[in-house]
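S.K.: Sharing a structure with you now.
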Amino acid sequence: MDTISWQDFEKVELRIGTIVEVQDFPKAKRPAYILHVDFGSSIGIKKSSAQITTIYSKDNLLGKQVMAVVNFPAKQIGPIMSECLVTGFHREDGAVVLAVPDGAVPNGTRLA
């Protein structure tokens, strides 16, 4: 495993946001949703493509808080521009479990 410096880690903006809209993403190579995540007034709402359809339905994603990297450059994924990276963990079967806070946190709060 490669090590990084504390200064490298400080560059990563891991923030909490609330999913406010979920859309099907039929043009994705693998089943995915388009998520609209609200990171509060200073960052705003950002879009992300997420391959999380195995575990999550659109209904149970709405209102869920997630941890995301908000300072990667935007990335074209098919017809959408992904503006943040929603984080999660791969299970042995390949399904992704989202990284979420244990309790409510104000949108935009940075991981400390």
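As shown in the structure tokens, the chain order sets the letters A, B, ...; within each chain, residues go from 1, and ligands are also counted from 1 in the order they appear.
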Kindly provide the residues of region 1-60 of chain A that approach region 78-102 of chain A to within 9 Å, each paired with its closest atom pair and their distance in Å to one decimal, based on only C-alpha atoms, listed by chain and increasing number, as a Markdown table.
M.R.:
```
| residue | atom | partner | partner_atom | distance |
| --- | --- | --- | --- | --- |
| A:Ile16 | CA | A:Pro101 | CA | 8.0 |
| A:Lys27 | CA | A:Gly78 | CA | 6.8 |
| A:Ala28 | CA | A:Gly78 | CA | 6.5 |
| A:Lys29 | CA | A:Gly78 | CA | 8.4 |
| A:Ile34 | CA | A:Ile80 | CA | 8.4 |
| A:Leu35 | CA | A:Val86 | CA | 9.0 |
| A:Val37 | CA | A:Cys84 | CA | 8.8 |
| A:Lys46 | CA | A:Glu83 | CA | 5.6 |
| A:Lys47 | CA | A:Glu83 | CA | 5.3 |
| A:Ser48 | CA | A:Ser82 | CA | 4.5 |
| A:Ser49 | CA | A:Ser82 | CA | 6.2 |
| A:Ala50 | CA | A:Val86 | CA | 7.1 |
| A:Gln51 | CA | A:Val96 | CA | 7.4 |
| A:Ile52 | CA | A:Val96 | CA | 5.7 |
| A:Thr53 | CA | A:Ala95 | CA | 8.3 |
| A:Thr54 | CA | A:Ala95 | CA | 6.0 |
| A:Ile55 | CA | A:Ala95 | CA | 6.9 |
| A:Tyr56 | CA | A:Val97 | CA | 8.7 |
```
S.K.: List as a PyMOL selection string the protein and nucleic acid residues near region 39-44 of chain A, meaning an atom at most 9 Å away when only C-alpha atoms are counted, but skip any in the same chain fewer than 2 places from it.
M.R.: chain A and resi 15-18+37+46+70+106-109
S.K.: Compare A:Asn71, A:Gln23, A:Thr3, A:Lys64 by their minimum atom-to-atom distance to Gly103 (chain A), counting only C-alpha atoms, and give me the closest one.
M.R.: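 Comparing A:Asn71, A:Gln23, A:Thr3, A:Lys64 against Gly103 (chain A), the winner is A:Lys64.
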S.K.: Which residue gives the smallest distance to Asp59 (chain A) among A:Ala32, A:Ser5, A:Val22, A:Pro73, with only C-alpha atoms counted?
M.R.: A:Val22
S.K.: Residues of chain A classed as strand (DSSP E or B) by DSSP on the backbone are to be reported as a PyMOL selection string.
M.R.: chain A and resi 14-24+33-38+45-50+65-69+75-77+80-82+85-86+88-90+96-98+110
S.K.: Could you find all residues in chain A that DSSP calls helix (DSSP H, G or I) from the backbone, and write them as a ChimeraX atom specification?
M.R.: /A:6-10,58-61
S.K.: Just the number, please: distance in Å from CA of Pro31 (chain A) to CA of Leu62 (chain A), one decimal.
M.R.: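 If I compute the distance from CA of Pro31 (chain A) to CA of Leu62 (chain A), I get 17.9 Å.
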S.K.: In Å, rounded to a single decimal, give me how far CA of Phe72 (chain A) is from CA of Arg110 (chain A).
M.R.: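 For CA of Arg110 (chain A) relative to CA of Phe72 (chain A), the distance reads 14.7 Å.
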S.K.: Kindly indicate which residue among A:Ile4, A:Lys58, A:His36, A:Ile45 lies nearest to Asp24 (chain A), using only C-alpha atoms for the distances.
M.R.: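 Between A:Ile4, A:Lys58, A:His36, A:Ile45, the residue approaching Asp24 (chain A) most closely is A:Lys58.
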S.K.: Can you tell me how far CA of Glu21 (chain A) sits from CA of Gln65 (chain A), in Å to one decimal?
M.R.: 12.1 Å
